[in-house]
file coords_12.cif (mmCIF, C-alpha atoms and all ligand atoms)
data_my_file
#
loop_
_atom_site.label_atom_id
_atom_site.label_comp_id
_atom_site.auth_asym_id
_atom_site.auth_seq_id
_atom_site.Cartn_x
_atom_site.Cartn_y
_atom_site.Cartn_z
CA MET F 1 130.65 99.87 121.12
CA PHE F 2 131.25 101.93 117.99
CA GLY F 3 132.73 105.08 119.47
CA GLY F 4 133.69 108.26 117.69
CA HIS F 5 137.19 106.89 117.24
CA THR F 6 136.44 105.03 114.02
CA LEU F 7 138.03 107.68 111.85
CA LEU F 8 141.24 107.90 113.83
CA ALA F 9 144.23 106.65 111.94
CA ARG F 10 144.65 102.97 112.59
CA PRO F 11 147.11 100.49 111.24
CA ARG F 12 146.02 99.30 107.81
CA ARG F 13 145.04 95.66 107.73
CA ALA F 14 147.01 93.27 105.55
CA ALA F 15 145.34 90.89 103.09
CA SER F 16 144.84 87.35 104.35
CA ALA F 17 144.52 86.25 100.71
CA TRP F 18 143.46 87.84 97.42
CA LEU F 19 140.22 87.51 95.55
CA ARG F 20 141.41 87.84 91.97
CA LEU F 21 139.08 88.51 89.07
CA GLU F 22 140.46 88.01 85.59
CA GLY F 23 139.24 89.05 82.16
CA VAL F 24 136.28 90.97 83.52
CA THR F 25 134.10 92.43 80.80
CA ARG F 26 130.95 94.26 81.78
CA ASN F 27 129.56 97.47 80.23
CA THR F 28 132.58 99.76 79.71
CA VAL F 29 134.87 97.53 81.76
CA HIS F 30 136.80 95.46 79.23
CA ASP F 31 139.07 92.49 79.90
CA LEU F 32 140.10 93.86 83.29
CA ASP F 33 142.03 92.05 86.00
CA ALA F 34 141.24 93.20 89.55
CA ALA F 35 142.36 91.96 92.95
CA PHE F 36 140.48 92.52 96.20
CA PRO F 37 142.30 91.88 99.50
CA LEU F 38 140.39 89.44 101.71
CA GLY F 39 140.00 90.31 105.37
CA CYS F 40 140.23 94.00 104.48
CA PHE F 41 138.08 97.09 103.88
CA THR F 42 138.39 98.10 100.22
CA ALA F 43 137.05 101.31 98.71
CA VAL F 44 136.48 101.50 94.96
CA THR F 45 136.65 105.07 93.66
CA GLY F 46 136.50 106.96 90.38
CA LEU F 47 134.47 109.52 88.45
CA SER F 48 130.80 108.99 87.85
CA GLY F 49 130.60 106.61 84.89
CA SER F 50 134.13 105.23 85.39
CA GLY F 51 132.80 101.70 85.90
CA LYS F 52 132.67 101.23 89.68
CA SER F 53 129.20 99.71 89.78
CA SER F 54 129.95 97.64 86.69
CA LEU F 55 132.98 96.14 88.40
CA VAL F 56 131.65 95.80 91.94
CA SER F 57 127.86 95.62 91.95
CA GLN F 58 127.69 93.65 88.75
CA ALA F 59 130.87 91.74 87.89
CA LEU F 60 132.13 90.97 91.40
CA ILE F 61 128.70 89.97 92.67
CA GLU F 62 127.85 87.88 89.63
CA LEU F 63 131.16 86.06 89.39
CA VAL F 64 131.42 85.32 93.10
CA GLY F 65 127.69 84.61 93.31
CA GLU F 66 127.94 82.12 90.47
CA ARG F 67 130.71 80.25 92.26
CA LEU F 68 128.77 80.21 95.52
CA GLU F 69 125.43 79.37 94.00
CA GLN F 70 125.28 75.70 94.86
CA ALA F 71 126.60 76.36 98.34
CA MET F 72 124.16 79.16 99.15
CA THR F 73 121.29 78.43 101.52
CA ALA F 74 117.85 79.92 100.96
CA GLU F 75 118.37 82.21 103.95
CA ASP F 76 121.53 83.65 102.50
CA ALA F 77 120.01 84.08 99.08
CA ASP F 78 117.39 86.23 100.78
CA ALA F 79 120.00 88.28 102.63
CA SER F 80 121.74 89.06 99.36
CA PRO F 81 119.11 89.96 96.81
CA ILE F 82 120.93 89.25 93.60
CA GLU F 83 117.83 88.34 91.63
CA ASP F 84 116.87 90.41 88.55
CA MET F 85 120.47 90.12 87.55
CA PRO F 86 121.05 88.01 84.49
CA ALA F 87 124.76 87.19 84.38
CA ARG F 88 126.12 89.25 81.55
CA THR F 89 129.60 89.40 82.95
CA ASN F 90 132.48 87.75 81.22
CA GLY F 91 135.42 86.80 83.36
CA ARG F 92 136.34 84.48 86.17
CA VAL F 93 137.41 84.33 89.76
CA ALA F 94 141.00 83.11 89.55
CA THR F 95 141.86 82.89 93.26
CA GLY F 96 140.39 83.45 96.69
CA MET F 97 137.11 81.55 96.53
CA GLU F 98 138.27 79.08 99.18
CA ALA F 99 138.16 81.97 101.69
CA VAL F 100 134.73 83.33 100.65
CA HIS F 101 131.81 81.27 101.90
CA ARG F 102 129.05 83.80 101.72
CA LEU F 103 128.16 86.91 99.73
CA VAL F 104 125.94 89.66 101.09
CA LYS F 105 124.95 92.78 99.19
CA VAL F 106 123.86 95.49 101.60
CA ASP F 107 121.76 98.28 100.17
CA GLN F 108 119.23 100.83 101.33
CA ARG F 109 116.23 98.88 100.12
CA PRO F 110 113.52 98.19 102.70
CA ILE F 111 114.14 95.24 105.04
CA GLY F 112 110.69 93.88 104.32
CA ARG F 113 108.01 94.37 101.74
CA THR F 114 105.00 94.14 104.06
CA PRO F 115 104.05 95.93 107.28
CA ARG F 116 103.99 92.47 108.88
CA SER F 117 107.74 92.62 109.03
CA ASN F 118 109.12 95.02 111.62
CA LEU F 119 112.22 95.71 113.63
CA ALA F 120 111.31 93.10 116.25
CA THR F 121 110.59 90.31 113.78
CA TYR F 122 113.42 91.11 111.37
CA THR F 123 116.12 91.06 114.03
CA GLY F 124 114.68 87.90 115.57
CA LEU F 125 114.32 89.43 119.02
CA PHE F 126 110.54 89.02 118.89
CA ASP F 127 110.95 85.23 119.01
CA HIS F 128 112.60 85.57 122.41
CA VAL F 129 109.99 88.06 123.60
CA ARG F 130 107.15 85.74 122.60
CA ARG F 131 108.78 82.91 124.53
CA LEU F 132 108.98 85.13 127.62
CA PHE F 133 105.23 85.78 127.35
CA ALA F 134 104.46 82.08 126.86
CA ALA F 135 106.47 81.32 130.01
CA THR F 136 104.41 83.58 132.29
CA PRO F 137 102.18 81.78 134.83
CA GLU F 138 99.03 83.21 133.23
CA ALA F 139 99.98 82.01 129.75
CA ARG F 140 100.85 78.56 131.08
CA ARG F 141 97.56 78.33 132.93
CA ARG F 142 95.75 79.15 129.68
CA ARG F 143 98.06 76.91 127.64
CA TYR F 144 99.11 79.79 125.37
CA ASP F 145 102.28 78.97 123.45
CA ALA F 146 104.66 81.43 121.81
CA GLY F 147 102.60 81.31 118.60
CA ARG F 148 99.69 82.83 120.48
CA PHE F 149 101.75 86.04 120.77
CA SER F 150 102.43 86.35 117.06
CA PHE F 151 100.32 88.74 114.99
CA ASN F 152 101.02 86.48 112.03
CA VAL F 153 99.27 83.48 113.58
CA ALA F 154 95.46 83.34 113.66
CA LYS F 155 94.92 82.10 117.20
CA GLY F 156 96.15 85.17 119.11
CA ARG F 157 95.69 88.05 116.76
CA CYS F 158 92.77 90.40 116.14
CA PRO F 159 90.41 88.64 113.73
CA THR F 160 89.14 91.87 112.16
CA CYS F 161 92.45 93.16 110.84
CA GLU F 162 94.21 89.77 110.94
CA GLY F 163 97.00 91.24 113.00
CA GLU F 164 97.76 94.20 110.79
CA GLY F 165 96.45 96.81 113.21
CA PHE F 166 94.70 98.67 110.44
CA VAL F 167 92.13 97.98 107.78
CA SER F 168 91.85 99.14 104.21
CA VAL F 169 88.90 101.41 103.58
CA GLU F 170 87.46 101.58 100.07
CA LEU F 171 86.40 105.08 99.07
CA MET F 172 84.40 105.81 95.98
CA PHE F 173 86.46 107.64 93.32
CA MET F 174 89.52 107.54 95.59
CA PRO F 175 92.37 105.15 96.18
CA SER F 176 91.67 103.01 99.24
CA VAL F 177 93.18 104.30 102.45
CA TYR F 178 94.27 102.59 105.62
CA ALA F 179 92.47 103.32 108.88
CA PRO F 180 93.18 102.02 112.39
CA CYS F 181 91.34 98.74 113.02
CA PRO F 182 87.96 99.47 114.63
CA THR F 183 88.22 96.32 116.77
CA CYS F 184 91.73 96.40 118.27
CA HIS F 185 92.48 100.08 117.58
CA GLY F 186 95.89 99.20 116.23
CA ALA F 187 96.88 96.76 118.98
CA ARG F 188 96.89 93.86 116.45
CA TYR F 189 95.92 91.24 119.04
CA ALA F 190 92.72 89.70 120.39
CA PRO F 191 91.71 91.02 123.85
CA LYS F 192 92.42 87.61 125.45
CA THR F 193 96.02 87.71 124.25
CA LEU F 194 96.48 91.20 125.63
CA GLU F 195 95.37 90.05 129.08
CA VAL F 196 98.65 88.22 129.50
CA ARG F 197 101.26 90.54 130.95
CA TRP F 198 105.00 90.25 131.29
CA HIS F 199 106.37 92.72 133.85
CA GLY F 200 103.09 94.62 133.57
CA LEU F 201 103.25 94.95 129.77
CA SER F 202 101.04 93.33 127.15
CA ILE F 203 102.65 92.00 123.96
CA ALA F 204 101.21 95.05 122.14
CA ASP F 205 102.81 97.34 124.73
CA VAL F 206 106.16 95.73 123.96
CA LEU F 207 105.77 96.48 120.23
CA GLY F 208 105.11 100.10 121.19
CA LEU F 209 108.39 100.44 123.10
CA THR F 210 111.31 102.28 121.59
CA VAL F 211 114.59 100.40 121.33
CA ALA F 212 116.07 102.60 124.07
CA ARG F 213 113.20 101.97 126.47
CA ALA F 214 113.22 98.25 125.63
CA CYS F 215 116.91 98.12 126.62
CA GLU F 216 115.79 99.03 130.15
CA VAL F 217 112.75 96.75 130.18
CA PHE F 218 114.71 93.70 128.94
CA ALA F 219 117.92 94.48 130.84
CA GLU F 220 117.85 91.03 132.47
CA GLU F 221 117.02 89.09 129.29
CA ALA F 222 120.35 88.53 127.57
CA PRO F 223 119.16 87.24 124.18
CA VAL F 224 116.73 90.13 123.74
CA LEU F 225 119.15 92.69 125.10
CA ARG F 226 121.86 91.60 122.68
CA SER F 227 119.78 92.58 119.62
CA LEU F 228 118.57 95.76 121.26
CA THR F 229 122.05 96.91 122.24
CA VAL F 230 123.34 96.57 118.70
CA LEU F 231 120.43 98.70 117.43
CA ASP F 232 120.93 101.28 120.17
CA ASP F 233 124.67 101.46 119.44
CA ILE F 234 124.07 102.45 115.83
CA GLY F 235 121.80 105.30 116.85
CA LEU F 236 118.43 103.62 116.31
CA GLY F 237 117.32 103.86 119.94
CA TYR F 238 114.41 106.05 118.88
CA LEU F 239 112.71 103.44 116.66
CA ARG F 240 109.70 101.52 117.97
CA LEU F 241 110.02 97.74 117.99
CA GLY F 242 106.76 97.39 116.08
CA GLN F 243 107.60 99.97 113.45
CA PRO F 244 106.72 98.39 110.10
CA ALA F 245 109.71 97.57 107.91
CA THR F 246 108.08 99.51 105.09
CA GLU F 247 108.21 102.73 107.11
CA LEU F 248 111.95 102.68 107.76
CA SER F 249 114.21 105.10 105.89
CA GLY F 250 116.85 103.77 103.51
CA GLY F 251 119.70 104.57 105.87
CA GLU F 252 117.86 102.97 108.78
CA ALA F 253 117.19 99.82 106.76
CA GLN F 254 120.83 99.58 105.76
CA ARG F 255 122.10 99.87 109.33
CA ILE F 256 119.54 97.34 110.56
CA LYS F 257 120.74 94.83 107.98
CA LEU F 258 124.32 95.32 109.15
CA ALA F 259 123.29 95.13 112.80
CA THR F 260 121.60 91.82 112.07
CA GLU F 261 124.76 90.59 110.38
CA LEU F 262 126.85 91.69 113.36
CA GLN F 263 124.73 89.88 115.89
CA ARG F 264 124.67 86.65 113.88
CA GLY F 265 127.92 85.86 115.59
CA GLN F 266 130.98 86.14 113.46
CA ARG F 267 131.50 83.17 111.25
CA GLY F 268 133.86 85.18 109.06
CA ALA F 269 134.55 84.46 105.40
CA THR F 270 131.64 86.61 104.22
CA LEU F 271 132.08 89.14 101.44
CA TYR F 272 129.99 92.27 101.99
CA VAL F 273 129.41 94.49 98.96
CA LEU F 274 127.99 98.02 99.22
CA ASP F 275 127.49 100.50 96.39
CA GLU F 276 127.60 104.09 97.67
CA PRO F 277 126.33 103.20 101.15
CA THR F 278 126.77 106.72 102.52
CA THR F 279 124.46 108.40 100.02
CA GLY F 280 122.08 110.64 101.91
CA LEU F 281 123.64 109.96 105.31
CA HIS F 282 124.58 112.58 107.87
CA PRO F 283 128.29 112.48 108.85
CA THR F 284 127.29 111.08 112.26
CA ASP F 285 125.52 108.22 110.56
CA VAL F 286 128.46 107.68 108.20
CA ASP F 287 130.65 107.18 111.29
CA ARG F 288 128.18 104.66 112.68
CA LEU F 289 128.06 102.79 109.38
CA LEU F 290 131.86 102.69 109.27
CA GLY F 291 131.91 101.36 112.83
CA GLN F 292 129.67 98.51 111.74
CA LEU F 293 131.66 97.75 108.60
CA ASN F 294 134.96 97.76 110.45
CA ALA F 295 133.52 95.45 113.09
CA LEU F 296 132.59 93.03 110.31
CA VAL F 297 136.13 93.16 108.91
CA ASP F 298 137.59 92.64 112.39
CA GLY F 299 135.37 89.55 112.59
CA GLY F 300 137.23 87.96 109.68
CA ASN F 301 135.06 89.22 106.84
CA THR F 302 135.75 91.28 103.73
CA VAL F 303 134.08 94.59 102.85
CA VAL F 304 134.11 96.18 99.40
CA VAL F 305 132.40 99.56 99.03
CA VAL F 306 131.95 101.81 96.03
CA GLU F 307 132.41 105.24 97.60
CA HIS F 308 132.73 108.92 96.77
CA ASP F 309 133.10 110.17 100.35
CA MET F 310 136.83 110.67 100.88
CA ARG F 311 136.43 110.34 104.65
CA VAL F 312 135.39 106.76 104.05
CA VAL F 313 138.08 106.14 101.43
CA ALA F 314 140.85 107.55 103.66
CA GLN F 315 140.14 105.02 106.40
CA ALA F 316 140.05 102.02 104.02
CA ASP F 317 142.83 99.43 104.00
CA TRP F 318 142.97 99.36 100.21
CA VAL F 319 141.74 101.58 97.38
CA ILE F 320 140.99 100.66 93.77
CA ASP F 321 140.65 103.78 91.64
CA LEU F 322 138.92 103.41 88.30
CA GLY F 323 139.18 105.70 85.31
CA PRO F 324 140.90 107.56 83.94
CA GLY F 325 137.67 109.15 82.72
CA ALA F 326 134.05 108.15 82.31
CA GLY F 327 132.24 105.93 79.84
CA ALA F 328 134.54 104.64 77.10
CA ASP F 329 137.39 106.61 78.70
CA GLY F 330 137.03 104.67 81.93
CA GLY F 331 136.86 101.03 82.86
CA MET F 332 140.50 100.69 83.81
CA ILE F 333 142.30 100.58 87.13
CA VAL F 334 144.31 103.78 87.37
CA ALA F 335 145.77 103.13 90.77
CA SER F 336 145.42 100.64 93.57
CA GLY F 337 147.01 100.31 96.97
CA PRO F 338 146.68 101.74 100.46
CA PRO F 339 145.08 105.23 100.50
CA GLU F 340 148.49 106.93 100.84
CA VAL F 341 149.73 105.25 97.68
CA VAL F 342 146.68 106.09 95.59
CA ALA F 343 146.70 109.67 96.92
CA ALA F 344 150.27 110.08 95.69
CA ASN F 345 149.54 108.70 92.23
CA GLU F 346 149.59 111.56 89.76
CA ALA F 347 147.48 109.72 87.22
CA SER F 348 144.59 109.38 89.66
CA ARG F 349 141.87 112.03 89.54
CA THR F 350 140.85 110.86 93.00
CA GLY F 351 144.38 111.31 94.37
CA PRO F 352 144.30 115.03 95.22
CA TYR F 353 140.97 114.74 97.07
CA LEU F 354 142.15 111.71 98.96
CA GLN F 355 145.42 113.49 99.84
CA ARG F 356 143.48 116.45 101.22
CA GLU F 357 141.49 114.10 103.43
CA LEU F 358 144.59 112.24 104.61
CA ASP F 359 146.20 115.60 105.49
CA VAL F 360 143.44 116.57 107.90
CA ARG F 361 143.39 113.24 109.71
N1 LIG F 401 123.62 98.13 81.37
C1 LIG F 401 124.50 98.90 80.75
N2 LIG F 401 124.71 98.78 79.44
C2 LIG F 401 125.61 99.56 78.79
N3 LIG F 401 126.36 100.48 79.42
C3 LIG F 401 126.19 100.63 80.71
C4 LIG F 401 125.26 99.86 81.45
N4 LIG F 401 125.35 100.23 82.75
C5 LIG F 401 126.28 101.20 82.80
N5 LIG F 401 126.78 101.45 81.57
C6 LIG F 401 127.81 102.43 81.23
O1 LIG F 401 129.04 101.96 81.76
C7 LIG F 401 129.79 103.04 82.30
C8 LIG F 401 130.11 102.73 83.75
O2 LIG F 401 128.89 102.71 84.51
P1 LIG F 401 128.87 102.41 86.02
O3 LIG F 401 127.47 102.32 86.46
O4 LIG F 401 129.75 101.24 86.27
O5 LIG F 401 129.57 103.72 86.59
P2 LIG F 401 129.92 104.18 88.06
O6 LIG F 401 131.39 104.33 88.15
O7 LIG F 401 129.27 103.27 89.04
O8 LIG F 401 129.27 105.61 88.15
P3 LIG F 401 128.45 106.37 89.30
O9 LIG F 401 129.47 106.92 90.23
O10 LIG F 401 127.74 107.45 88.58
O11 LIG F 401 127.54 105.36 89.91
C9 LIG F 401 128.96 104.29 82.14
O12 LIG F 401 129.43 105.00 81.02
C10 LIG F 401 127.57 103.76 81.87
O13 LIG F 401 126.85 104.64 81.02
MG MG F 402 127.66 103.48 90.34
ZN ZN F 403 92.46 94.66 114.67
#
call {"tool": "encode", "arguments": {"input": "coords_12.cif", "output": "C-alpha cells"}}
result
Amino acid sequence: MFGGHTLLARPRRAASAWLRLEGVTRNTVHDLDAAFPLGCFTAVTGLSGSGKSSLVSQALIELVGERLEQAMTAEDADASPIEDMPARTNGRVATGMEAVHRLVKVDQRPIGRTPRSNLATYTGLFDHVRRLFAATPEARRRRYDAGRFSFNVAKGRCPTCEGEGFVSVELMFMPSVYAPCPTCHGARYAPKTLEVRWHGLSIADVLGLTVARACEVFAEEAPVLRSLTVLDDIGLGYLRLGQPATELSGGEAQRIKLATELQRGQRGATLYVLDEPTTGLHPTDVDRLLGQLNALVDGGNTVVVVEHDMRVVAQADWVIDLGPGAGADGGMIVASGPPEVVAANEASRTGPYLQRELDVR
C-alpha cells in the first residue's frame, strides 16, 4: 500500500482553500500572519528556537481548537490531547474554518496509559474478534456473549489478576514488582473462557499472535483483516496483538495512531498537526510515516508538520520557513511557497539544505 515510491517527485498539490491566521502572538512570535494551504502537506522549518512549535503546536492548535471546541465530540477530544494547554495565544483564524471539521495532534506519546489497552483494543479489531468467538457453536451453547471474551469484563477474565495477566508483588524495602499471575500464568482469562476455540485458537492465543501471523489467521474476516493490513503495511507486522500500549515505542505509537486514523474511513476535513514526527526514526520508518501522511492528504485532509529532515520537507506541497534567527531574532516568516521556491530564497537559512535535497531527488 505504501510502497517505496513515496519520495519520488510527484506533482505538488494545490490548496483547496487557505487556513489564515492573523495577528498571532505567542512566545517570540509577534503579530504574525500565516497561511496554511488546506488539502496539502505543509512543512514548517527554521532554526531551533525560531518559533516553529510556538506557531504550530501552540498557536495553530489553540486557535483552531478554540473554534472547534463546541463542535468536538468526546472521542475526538481524546484523539487530540490538547489539555494542559491554557490558551495564551493572541490572534485569530481569519479564513478556512469552514473546511476544517476536526483537529488531531499526532505525537509519540503512548496510545494508552494502562496495560489494559493494547494494539487489539486500541485499533478496535478486538471487538470483531470477540464477536467471532461469541458466534462459535460452543459459545452459543454456553450462552457466552462477546463481553465474556473481554479481559476488562469480570465474567470471563481471570479473577486473580482481574484480566491483567500479572500481579503486583510487594517486596520489603523494594519497589513492588510485577510477576506473571499464578492462576492464569499470563493468559488473562478464566479456564472456562479459554475452552472456547475459534479455528483451534483460544482468545488468549489470539492475543499472542503477531500482526503478520494474524493476517493469515483472519484472512477470511474482512473487518479484522482491514485493521491488520494497515498495521502490517506500516511495518508493524512483528508486534503481538496483546502487546500492552505502555510497552510500545514512541515511533510505534505514532504510526498506530495514524493507522487508526487511516482506517476510520476518510471523512476528510481533518487537520493533522505533528511536531518533529521523524525524531528518532530510521529512514525506512520515515518513509512509512510519509506514506501514511500522504494517504491522509489524498483523503481530503490537511497535514502540517514541524520538520528538520529535509527529505520530508522536499516532498511537501508547501513550506513555511521561520526565522531569520532564533529567539528574539526569529518569529517571522522568512519564506513560504513550494519547496523549490523556498530553496531558491537567499534569505532563508533552510534554503541551501533544501536545495541540496531537491538536487538529489
Ligand atoms: N513558554 C514560553 N515562554 C517564553 N518563551 C518561550 C516559551 N516557549 C518557547 N519560548 C521561546 O520562544 C522561542 C521559540 O520557541 P519554539 O519552541 O517555538 O522554537 P522551535 O522553532 O520549535 O525550536 P526547536 O526546533 O528547537 O523545537 C525560543 O526562543 C524559546 O526559548
Ligand atoms: Mg519545537
Ligand atoms: Zn490471572
call {"tool": "residues_around", "arguments": {"input": "coords_12.cif", "residues": "Val177 in chain F", "least_positions_apart": "5", "cutoff": "12 Å", "atoms": "only C-alpha atoms", "output": "list in words"}}
result
Phe166, Val167, Ser168, Val169, Glu170, Leu171 and Met172 of chain F
call {"tool": "atom_distance", "arguments": {"input": "coords_12.cif", "atom1": "atom C4 of ligand LIG 401 (chain F)", "atom2": "CA of Ser54 in chain F"}}
result
7.4 Å
call {"tool": "closest_atom_pairs", "arguments": {"input": "coords_12.cif", "of": "chain F", "to": "ligand MG 402 (chain F)", "cutoff": "7 Å", "atoms": "all atoms listed in the file", "output": "tab-separated table"}}
result
residue	atom	partner	partner_atom	distance
F:Ser48	CA	F:MG402	MG	6.8
F:Gly49	CA	F:MG402	MG	6.9
F:Lys52	CA	F:MG402	MG	5.5
F:Ser53	CA	F:MG402	MG	4.1
F:Asp275	CA	F:MG402	MG	6.7
call {"tool": "residues_near_ligand", "arguments": {"input": "coords_12.cif", "ligand": "ligand LIG 401 (chain F)", "cutoff": "8 Å", "atoms": "all atoms listed in the file", "output": "ChimeraX atom specification"}}
result
/F:26-29,45-55,276,306,308,322,326-328,330-331
call {"tool": "residues_around", "arguments": {"input": "coords_12.cif", "residues": "range 336-338 of chain F", "least_positions_apart": "5", "cutoff": "12 Å", "atoms": "only C-alpha atoms", "output": "number ranges by chain"}}
result
F: 11-15, 33-37, 40-46, 313-323, 343-345, 347-348, 350-351, 354-355, 358
call {"tool": "closest_residue", "arguments": {"input": "coords_12.cif", "among": "F:Leu248, F:Ala59, F:Met332, F:Val360", "to": "Met310 in chain F", "atoms": "only C-alpha atoms"}}
result
F:Val360
call {"tool": "residues_near_point", "arguments": {"input": "coords_12.cif", "point": "(118.1, 105.0, 108.5)", "cutoff": "12 Å", "atoms": "all atoms listed in the file", "output": "VMD selection string"}}
result
chain F and resid 107 to 111 231 234 to 239 245 to 259 277 to 282 284 to 286 288 to 289
call {"tool": "residues_near_ligand", "arguments": {"input": "coords_12.cif", "ligand": "ligand ZN 403 (chain F)", "cutoff": "6 Å", "atoms": "only C-alpha atoms and all ligand atoms", "output": "PyMOL selection string"}}
result
chain F and resi 158+160-161+163+165+181+183-184+186+188
call {"tool": "residues_around", "arguments": {"input": "coords_12.cif", "residues": "His128 in chain F", "least_positions_apart": "5", "cutoff": "12 Å", "atoms": "all atoms listed in the file", "output": "list in words"}}
result
Ala120, Thr121, Thr123, Phe133, Ala134, Ala135, Ala146, Gly147, Phe149, Ser150, Ile203, Phe218, Glu221, Ala222, Pro223, Val224, Leu225, Arg226, Ser227 and Leu228 of chain F
call {"tool": "closest_residue", "arguments": {"input": "coords_12.cif", "among": "F:Ala187, F:Ala335, F:Leu241, F:Ala179", "to": "Ser117 in chain F", "atoms": "only C-alpha atoms"}}
result
F:Leu241
call {"tool": "axis_aligned_box", "arguments": {"input": "coords_12.cif", "around": "range 248-260 of chain F", "padding_each_side": "4 Å", "output": "lines of an AutoDock Vina configuration file"}}
result
center_x = 118.1
center_y = 98.5
center_z = 108.2
size_x = 20.4
size_y = 21.3
size_z = 17.3
call {"tool": "residues_around", "arguments": {"input": "coords_12.cif", "residues": "Trp198 in chain F", "least_positions_apart": "3", "cutoff": "10 Å", "atoms": "all atoms listed in the file", "output": "list in words"}}
result
Val129, Leu132, Phe133, Ala134, Ala135, Thr136, Pro137, Glu138, Ala139, Glu195, Leu201, Ser202, Ile203, Asp205 and Val206 of chain F
call {"tool": "atom_distance", "arguments": {"input": "coords_12.cif", "atom1": "CA of Ala214 in chain F", "atom2": "CA of Gln292 in chain F"}}
result
21.5 Å
call {"tool": "atom_distance", "arguments": {"input": "coords_12.cif", "atom1": "CA of Glu22 in chain F", "atom2": "CA of Ser57 in chain F"}}
result
16.0 Å
call {"tool": "closest_residue", "arguments": {"input": "coords_12.cif", "among": "F:Gly96, F:Gly112, F:Gly124, F:Pro324", "to": "Leu19 in chain F", "atoms": "only C-alpha atoms"}}
result
F:Gly96
call {"tool": "closest_residue", "arguments": {"input": "coords_12.cif", "among": "F:Gly208, F:Gly39, F:Gly23, F:Pro175", "to": "Thr270 in chain F", "atoms": "only C-alpha atoms"}}
result
F:Gly39
call {"tool": "closest_residue", "arguments": {"input": "coords_12.cif", "among": "F:Thr260, F:Gln58, F:Ser176, F:Thr193", "to": "Arg130 in chain F", "atoms": "all atoms listed in the file"}}
result
F:Thr193
call {"tool": "build_atoms", "arguments": {"input": "coords_12.cif", "residues": "range 171-187 of chain F", "atoms": "N, CA and C atoms", "output": "short mmCIF file (atom, residue, chain, number, x, y, z; two decimals), in the frame of the given file"}}
result
data_model
loop_
_atom_site.label_atom_id
_atom_site.label_comp_id
_atom_site.auth_asym_id
_atom_site.auth_seq_id
_atom_site.Cartn_x
_atom_site.Cartn_y
_atom_site.Cartn_z
N LEU F 171 87.14 103.83 99.24
CA LEU F 171 86.40 105.08 99.07
C LEU F 171 86.03 105.21 97.61
N MET F 172 84.82 105.65 97.37
CA MET F 172 84.40 105.81 95.98
C MET F 172 85.24 106.91 95.33
N PHE F 173 85.66 106.69 94.11
CA PHE F 173 86.46 107.64 93.32
C PHE F 173 87.83 107.94 93.92
N MET F 174 88.22 107.22 94.96
CA MET F 174 89.52 107.54 95.59
C MET F 174 90.29 106.24 95.81
N PRO F 175 91.62 106.36 95.83
CA PRO F 175 92.37 105.15 96.18
C PRO F 175 92.01 104.74 97.61
N SER F 176 92.05 103.43 97.89
CA SER F 176 91.67 103.01 99.24
C SER F 176 92.73 103.51 100.23
N VAL F 177 92.28 103.79 101.43
CA VAL F 177 93.18 104.30 102.45
C VAL F 177 93.18 103.33 103.64
N TYR F 178 94.19 103.43 104.44
CA TYR F 178 94.27 102.59 105.62
C TYR F 178 93.79 103.36 106.84
N ALA F 179 92.96 102.70 107.65
CA ALA F 179 92.47 103.32 108.88
C ALA F 179 92.76 102.36 110.03
N PRO F 180 92.95 102.90 111.25
CA PRO F 180 93.18 102.02 112.39
C PRO F 180 92.04 101.01 112.50
N CYS F 181 92.35 99.79 112.90
CA CYS F 181 91.34 98.74 113.02
C CYS F 181 90.30 99.13 114.07
N PRO F 182 89.02 99.07 113.70
CA PRO F 182 87.96 99.47 114.63
C PRO F 182 87.84 98.52 115.83
N THR F 183 88.35 97.30 115.69
CA THR F 183 88.22 96.32 116.77
C THR F 183 89.35 96.44 117.80
N CYS F 184 90.60 96.40 117.32
CA CYS F 184 91.73 96.40 118.27
C CYS F 184 92.38 97.77 118.38
N HIS F 185 91.93 98.72 117.56
CA HIS F 185 92.48 100.08 117.58
C HIS F 185 93.99 100.09 117.40
N GLY F 186 94.47 99.21 116.54
CA GLY F 186 95.89 99.20 116.23
C GLY F 186 96.72 98.26 117.07
N ALA F 187 96.10 97.64 118.08
CA ALA F 187 96.88 96.76 118.98
C ALA F 187 97.29 95.45 118.31
#
